[in-house]
file work_27.txt (compact mmCIF, C-alpha atoms)
# COMPACT_ATOMS: atom_id res chain seq x y z
CA MET C 1013 26.53 -32.29 58.86
CA GLN C 1014 24.71 -29.12 57.99
CA ILE C 1015 25.30 -27.24 54.66
CA ARG C 1016 25.20 -23.51 54.75
CA GLN C 1017 22.71 -22.05 52.27
CA GLN C 1018 22.91 -18.40 53.00
CA GLY C 1019 21.74 -16.20 50.06
CA MET C 1020 19.94 -18.95 48.14
CA ILE C 1021 16.54 -17.25 48.52
CA LEU C 1022 18.01 -14.02 47.20
CA LEU C 1023 19.57 -15.83 44.22
CA GLU C 1024 16.27 -17.59 43.43
CA ALA C 1025 14.40 -14.28 43.63
CA LEU C 1026 16.86 -12.61 41.23
CA ILE C 1027 16.54 -15.47 38.72
CA GLY C 1028 12.74 -15.27 38.98
CA ILE C 1029 12.81 -11.51 38.35
CA LEU C 1030 15.12 -12.05 35.35
CA ILE C 1031 12.76 -14.62 33.79
CA PHE C 1032 9.73 -12.39 34.44
CA SER C 1033 11.50 -9.37 32.87
CA MET C 1034 12.39 -11.35 29.75
CA GLY C 1035 8.75 -12.36 29.39
CA ILE C 1036 7.58 -8.75 29.67
CA LEU C 1037 10.15 -7.62 27.09
CA ALA C 1038 8.97 -10.35 24.71
CA LEU C 1039 5.37 -9.16 25.11
CA VAL C 1040 6.40 -5.57 24.33
CA ALA C 1041 8.25 -6.71 21.19
CA MET C 1042 5.24 -8.77 20.11
CA GLN C 1043 2.95 -5.76 20.59
CA SER C 1044 5.26 -3.63 18.45
CA ALA C 1045 5.21 -6.23 15.66
CA ALA C 1046 1.40 -6.41 15.84
CA ILE C 1047 1.06 -2.63 15.52
CA SER C 1048 3.43 -2.61 12.53
CA SER C 1049 1.46 -5.39 10.82
CA GLN C 1050 -1.81 -3.57 11.45
CA SER C 1051 -0.45 -0.36 9.90
CA ASP C 1052 0.80 -2.28 6.86
CA ALA C 1053 -2.60 -3.92 6.42
CA GLN C 1054 -4.32 -0.54 6.67
CA TYR C 1055 -2.07 0.91 3.95
CA ARG C 1056 -2.83 -2.06 1.69
CA VAL C 1057 -6.57 -1.53 2.17
CA GLU C 1058 -6.16 2.19 1.41
CA ALA C 1059 -4.18 1.37 -1.76
CA ALA C 1060 -6.88 -1.08 -2.90
CA ASN C 1061 -9.55 1.56 -2.26
CA PHE C 1062 -7.65 4.16 -4.29
CA ALA C 1063 -7.12 1.73 -7.19
CA ASN C 1064 -10.78 0.68 -7.20
CA LYS C 1065 -11.90 4.30 -7.01
CA ILE C 1066 -10.05 5.35 -10.17
CA LEU C 1067 -11.15 2.19 -12.01
CA GLY C 1068 -14.74 3.06 -11.15
CA GLU C 1069 -14.24 6.60 -12.43
CA ILE C 1070 -12.76 5.27 -15.67
CA TRP C 1071 -15.70 2.87 -16.09
CA LEU C 1072 -18.20 5.70 -15.58
CA ASN C 1073 -16.49 8.37 -17.66
CA THR C 1074 -15.38 6.43 -20.73
CA VAL C 1075 -17.21 7.57 -23.85
CA ARG C 1076 -19.22 4.81 -25.48
CA VAL C 1077 -20.83 5.29 -28.88
CA GLY C 1078 -23.37 2.71 -29.96
CA GLY C 1079 -22.35 0.46 -27.06
CA VAL C 1080 -18.69 0.44 -28.16
CA VAL C 1081 -15.89 2.04 -26.13
CA VAL C 1082 -14.12 4.85 -27.98
CA PRO C 1083 -10.36 4.08 -27.61
CA ALA C 1084 -9.35 7.77 -27.62
CA SER C 1085 -11.63 8.37 -24.65
CA LEU C 1086 -10.05 5.51 -22.74
CA ASP C 1087 -6.50 6.49 -23.73
CA ALA C 1088 -7.01 9.88 -22.08
CA PHE C 1089 -6.90 8.17 -18.67
CA ALA C 1090 -3.35 6.83 -19.17
CA HIS C 1091 -1.03 8.27 -16.53
CA GLN C 1092 2.76 7.87 -16.60
CA PRO C 1093 2.56 4.64 -18.62
CA VAL C 1094 6.33 4.12 -18.93
CA GLY C 1095 8.28 2.00 -16.44
CA ALA C 1096 7.98 -1.39 -14.80
CA SER C 1097 5.58 -1.67 -11.88
CA SER C 1098 8.25 -3.46 -9.83
CA SER C 1099 10.30 -0.25 -9.51
CA CYS C 1100 7.44 2.20 -8.76
CA ASN C 1101 9.38 4.90 -10.60
CA PHE C 1102 7.16 5.80 -13.54
CA THR C 1103 7.59 8.30 -16.33
CA GLY C 1104 5.62 9.42 -19.33
CA ALA C 1105 2.82 11.87 -19.87
CA ALA C 1106 0.27 12.65 -17.21
CA SER C 1107 -3.36 11.90 -17.89
CA THR C 1108 -5.24 14.17 -20.29
CA ASP C 1109 -8.75 13.15 -19.21
CA PRO C 1110 -11.10 16.10 -19.75
CA GLY C 1111 -12.62 15.95 -16.28
CA ALA C 1112 -9.21 15.93 -14.53
CA LEU C 1113 -10.34 12.84 -12.63
CA VAL C 1114 -6.87 11.28 -12.60
CA ALA C 1115 -5.24 14.53 -11.42
CA THR C 1116 -7.74 14.74 -8.56
CA TRP C 1117 -7.14 11.08 -7.72
CA VAL C 1118 -3.34 11.52 -7.63
CA ASN C 1119 -3.74 14.61 -5.46
CA GLU C 1120 -5.97 12.77 -2.96
CA LEU C 1121 -3.59 9.83 -2.86
CA THR C 1122 -0.46 11.90 -2.26
CA THR C 1123 -1.63 14.93 -0.28
CA GLY C 1124 -5.17 14.15 0.92
CA ALA C 1125 -5.88 14.85 4.56
CA GLY C 1126 -6.18 11.69 6.64
CA THR C 1127 -6.46 9.15 3.83
CA ARG C 1128 -3.25 9.55 1.87
CA LEU C 1129 -0.64 6.83 1.61
CA PRO C 1130 2.69 7.53 3.36
CA GLY C 1131 5.59 8.35 1.06
CA ALA C 1132 3.37 8.32 -2.03
CA THR C 1133 4.39 10.76 -4.76
CA PRO C 1134 2.76 11.54 -8.11
CA SER C 1135 5.60 9.82 -9.98
CA MET C 1136 4.86 6.57 -8.07
CA GLN C 1137 1.32 6.19 -9.50
CA GLN C 1138 0.57 4.63 -12.88
CA ILE C 1139 -2.40 3.90 -15.14
CA VAL C 1140 -1.60 1.87 -18.25
CA VAL C 1141 -4.28 1.66 -20.95
CA ASP C 1142 -4.06 -0.86 -23.79
CA THR C 1143 -6.64 -0.37 -26.55
CA THR C 1144 -4.89 -2.43 -29.22
CA ALA C 1145 -6.85 -5.13 -31.01
CA GLY C 1146 -7.18 -8.22 -28.83
CA SER C 1147 -6.41 -6.43 -25.56
CA PHE C 1148 -10.10 -5.92 -24.77
CA ASN C 1149 -9.47 -2.35 -23.56
CA SER C 1150 -7.24 -3.41 -20.69
CA VAL C 1151 -6.53 -0.93 -17.89
CA LYS C 1152 -3.91 -1.57 -15.20
CA VAL C 1153 -3.69 0.71 -12.16
CA THR C 1154 -0.59 0.58 -9.95
CA VAL C 1155 -0.55 2.42 -6.62
CA CYS C 1156 2.79 2.72 -4.80
CA TRP C 1157 3.75 4.05 -1.37
CA LYS C 1158 6.69 3.84 1.02
CA SER C 1159 6.30 3.72 4.79
CA PRO C 1160 9.04 5.31 6.92
CA ASN C 1161 10.38 1.85 7.86
CA ASP C 1162 10.36 0.46 4.30
CA THR C 1163 13.56 0.18 2.28
CA VAL C 1164 11.69 -0.30 -1.01
CA ALA C 1165 8.34 1.00 -2.17
CA ARG C 1166 5.27 -1.20 -1.78
CA ARG C 1167 2.72 -1.50 -4.56
CA HIS C 1168 -0.80 -2.64 -5.30
CA SER C 1169 -1.90 -3.34 -8.88
CA VAL C 1170 -5.37 -3.93 -10.28
CA SER C 1171 -6.27 -4.80 -13.86
CA SER C 1172 -9.63 -4.53 -15.54
CA ASN C 1173 -11.18 -4.57 -19.00
CA ILE C 1174 -13.42 -1.64 -19.90
CA ASN C 1175 -16.20 -2.63 -22.26
call {"tool": "encode", "arguments": {"input": "work_27.txt", "output": "structure tokens"}}
result
Amino acid sequence: MQIRQQGMILLEALIGILIFSMGILALVAMQSAAISSQSDAQYRVEAANFANKILGEIWLNTVRVGGVVVPASLDAFAHQPVGASSSCNFTGAASTDPGALVATWVNELTTGAGTRLPGATPSMQQIVVDTTAGSFNSVKVTVCWKSPNDTVARRHSVSSNIN
């Protein structure tokens, strides 16, 4: 007795094409995820660079008399010190540093050509200075940005003591 198998080769070819197509689609999705992760990593590196840059400027431009940091000099670098860093929605006075270093830094971060962070606004950047006794002249810099695909702002914070 002979069984008729007409169309089996066509059916096997269609199943093979379906499996191959699913594999290609999975590779495309994986490539998209890799590109997104690479962009996120680049923004984090940029944020770390911006935070380190302003900390370096504060270190260099703080007035020291007799080897002691003058608190008023350090307090001038405070920028929008009100608000929790988890919300990235800061308020308070802008920096009053005499060299306008913080204003330049905020401008580069938010509107700089090529190296700015996406979605970063001046109200999303914060420098908190604590010169009270026992705080050891603590400075905390928080840099926030929001990529087009983000639902909440991302942030990078760095703390340092200026002596």
call {"tool": "closest_atom_pairs", "arguments": {"input": "work_27.txt", "of": "segment 1073-1133 of chain C", "to": "segment 1153-1158 of chain C", "cutoff": "8 Å", "atoms": "all atoms listed in the file", "output": "Markdown table"}}
result
| residue | atom | partner | partner_atom | distance |
| --- | --- | --- | --- | --- |
| C:Ser1097 | CA | C:Thr1154 | CA | 6.8 |
| C:Cys1100 | CA | C:Cys1156 | CA | 6.1 |
| C:Leu1129 | CA | C:Trp1157 | CA | 6.0 |
| C:Pro1130 | CA | C:Lys1158 | CA | 5.9 |
| C:Gly1131 | CA | C:Lys1158 | CA | 4.6 |
| C:Ala1132 | CA | C:Trp1157 | CA | 4.3 |
| C:Thr1133 | CA | C:Trp1157 | CA | 7.5 |
call {"tool": "residues_around", "arguments": {"input": "work_27.txt", "residues": "Ala1112 of chain C", "least_positions_apart": "6", "cutoff": "12 Å", "atoms": "only C-alpha atoms", "output": "JSON, numbers by chain"}}
result
{"C": [1066, 1069, 1070, 1073, 1088, 1089, 1090, 1091, 1106, 1118, 1119]}
call {"tool": "write_last_selection", "arguments": {"input": "work_27.txt", "atoms": "C-alpha atoms", "output": "short mmCIF file (atom, residue, chain, number, x, y, z; two decimals), keeping the file's coordinate frame"}}
result
data_model
loop_
_atom_site.label_atom_id
_atom_site.label_comp_id
_atom_site.auth_asym_id
_atom_site.auth_seq_id
_atom_site.Cartn_x
_atom_site.Cartn_y
_atom_site.Cartn_z
CA ILE C 1066 -10.05 5.35 -10.17
CA GLU C 1069 -14.24 6.60 -12.43
CA ILE C 1070 -12.76 5.27 -15.67
CA ASN C 1073 -16.49 8.37 -17.66
CA ALA C 1088 -7.01 9.88 -22.08
CA PHE C 1089 -6.90 8.17 -18.67
CA ALA C 1090 -3.35 6.83 -19.17
CA HIS C 1091 -1.03 8.27 -16.53
CA ALA C 1106 0.27 12.65 -17.21
CA VAL C 1118 -3.34 11.52 -7.63
CA ASN C 1119 -3.74 14.61 -5.46
#
call {"tool": "atom_distance", "arguments": {"input": "work_27.txt", "atom1": "atom CA of Ser1159 of chain C", "atom2": "atom CA of Thr1108 of chain C"}}
result
29.5 Å
call {"tool": "atom_distance", "arguments": {"input": "work_27.txt", "atom1": "atom CA of Ala1041 of chain C", "atom2": "atom CA of Asn1161 of chain C"}}
result
16.0 Å
call {"tool": "closest_residue", "arguments": {"input": "work_27.txt", "among": "C:Ala1125, C:Leu1067, C:Val1080, C:Leu1026", "to": "Asn1173 of chain C", "atoms": "only C-alpha atoms"}}
result
C:Leu1067
call {"tool": "residues_around", "arguments": {"input": "work_27.txt", "residues": "Ala1060 of chain C", "least_positions_apart": "4", "cutoff": "7 Å", "atoms": "all atoms listed in the file", "output": "number ranges by chain"}}
result
C: 1056, 1064, 1168
call {"tool": "atom_distance", "arguments": {"input": "work_27.txt", "atom1": "atom CA of Ala1045 of chain C", "atom2": "atom CA of Thr1163 of chain C"}}
result
17.0 Å
call {"tool": "closest_residue", "arguments": {"input": "work_27.txt", "among": "C:Ser1085, C:Thr1103, C:Ser1051, C:Thr1123", "to": "Val1141 of chain C", "atoms": "all atoms listed in the file"}}
result
C:Ser1085
call {"tool": "closest_residue", "arguments": {"input": "work_27.txt", "among": "C:Gln1043, C:Gln1054, C:Ser1049, C:Gln1018", "to": "Arg1128 of chain C", "atoms": "only C-alpha atoms"}}
result
C:Gln1054
call {"tool": "closest_residue", "arguments": {"input": "work_27.txt", "among": "C:Gln1137, C:Ser1107, C:Asn1101, C:Asn1175", "to": "Leu1121 of chain C", "atoms": "all atoms listed in the file"}}
result
C:Gln1137
call {"tool": "residues_around", "arguments": {"input": "work_27.txt", "residues": "Thr1143 of chain C", "least_positions_apart": "4", "cutoff": "10 Å", "atoms": "all atoms listed in the file", "output": "JSON list (two decimals) with C-alpha atoms, in the coordinates of the input"}}
result
[["chain", "number", "residue", "atom", "x", "y", "z"],
["C", 1081, "VAL", "CA", -15.89, 2.04, -26.13],
["C", 1082, "VAL", "CA", -14.12, 4.85, -27.98],
["C", 1083, "PRO", "CA", -10.36, 4.08, -27.61],
["C", 1084, "ALA", "CA", -9.35, 7.77, -27.62],
["C", 1086, "LEU", "CA", -10.05, 5.51, -22.74],
["C", 1087, "ASP", "CA", -6.50, 6.49, -23.73],
["C", 1147, "SER", "CA", -6.41, -6.43, -25.56],
["C", 1148, "PHE", "CA", -10.10, -5.92, -24.77],
["C", 1149, "ASN", "CA", -9.47, -2.35, -23.56],
["C", 1150, "SER", "CA", -7.24, -3.41, -20.69],
["C", 1151, "VAL", "CA", -6.53, -0.93, -17.89],
["C", 1173, "ASN", "CA", -11.18, -4.57, -19.00],
["C", 1174, "ILE", "CA", -13.42, -1.64, -19.90]]
call {"tool": "closest_residue", "arguments": {"input": "work_27.txt", "among": "C:Thr1122, C:Thr1116, C:Ser1048, C:Thr1074", "to": "Asp1162 of chain C", "atoms": "only C-alpha atoms"}}
result
C:Ser1048
call {"tool": "closest_residue", "arguments": {"input": "work_27.txt", "among": "C:Ala1145, C:Met1136, C:Val1077, C:Val1164", "to": "Val1094 of chain C", "atoms": "all atoms listed in the file"}}
result
C:Met1136
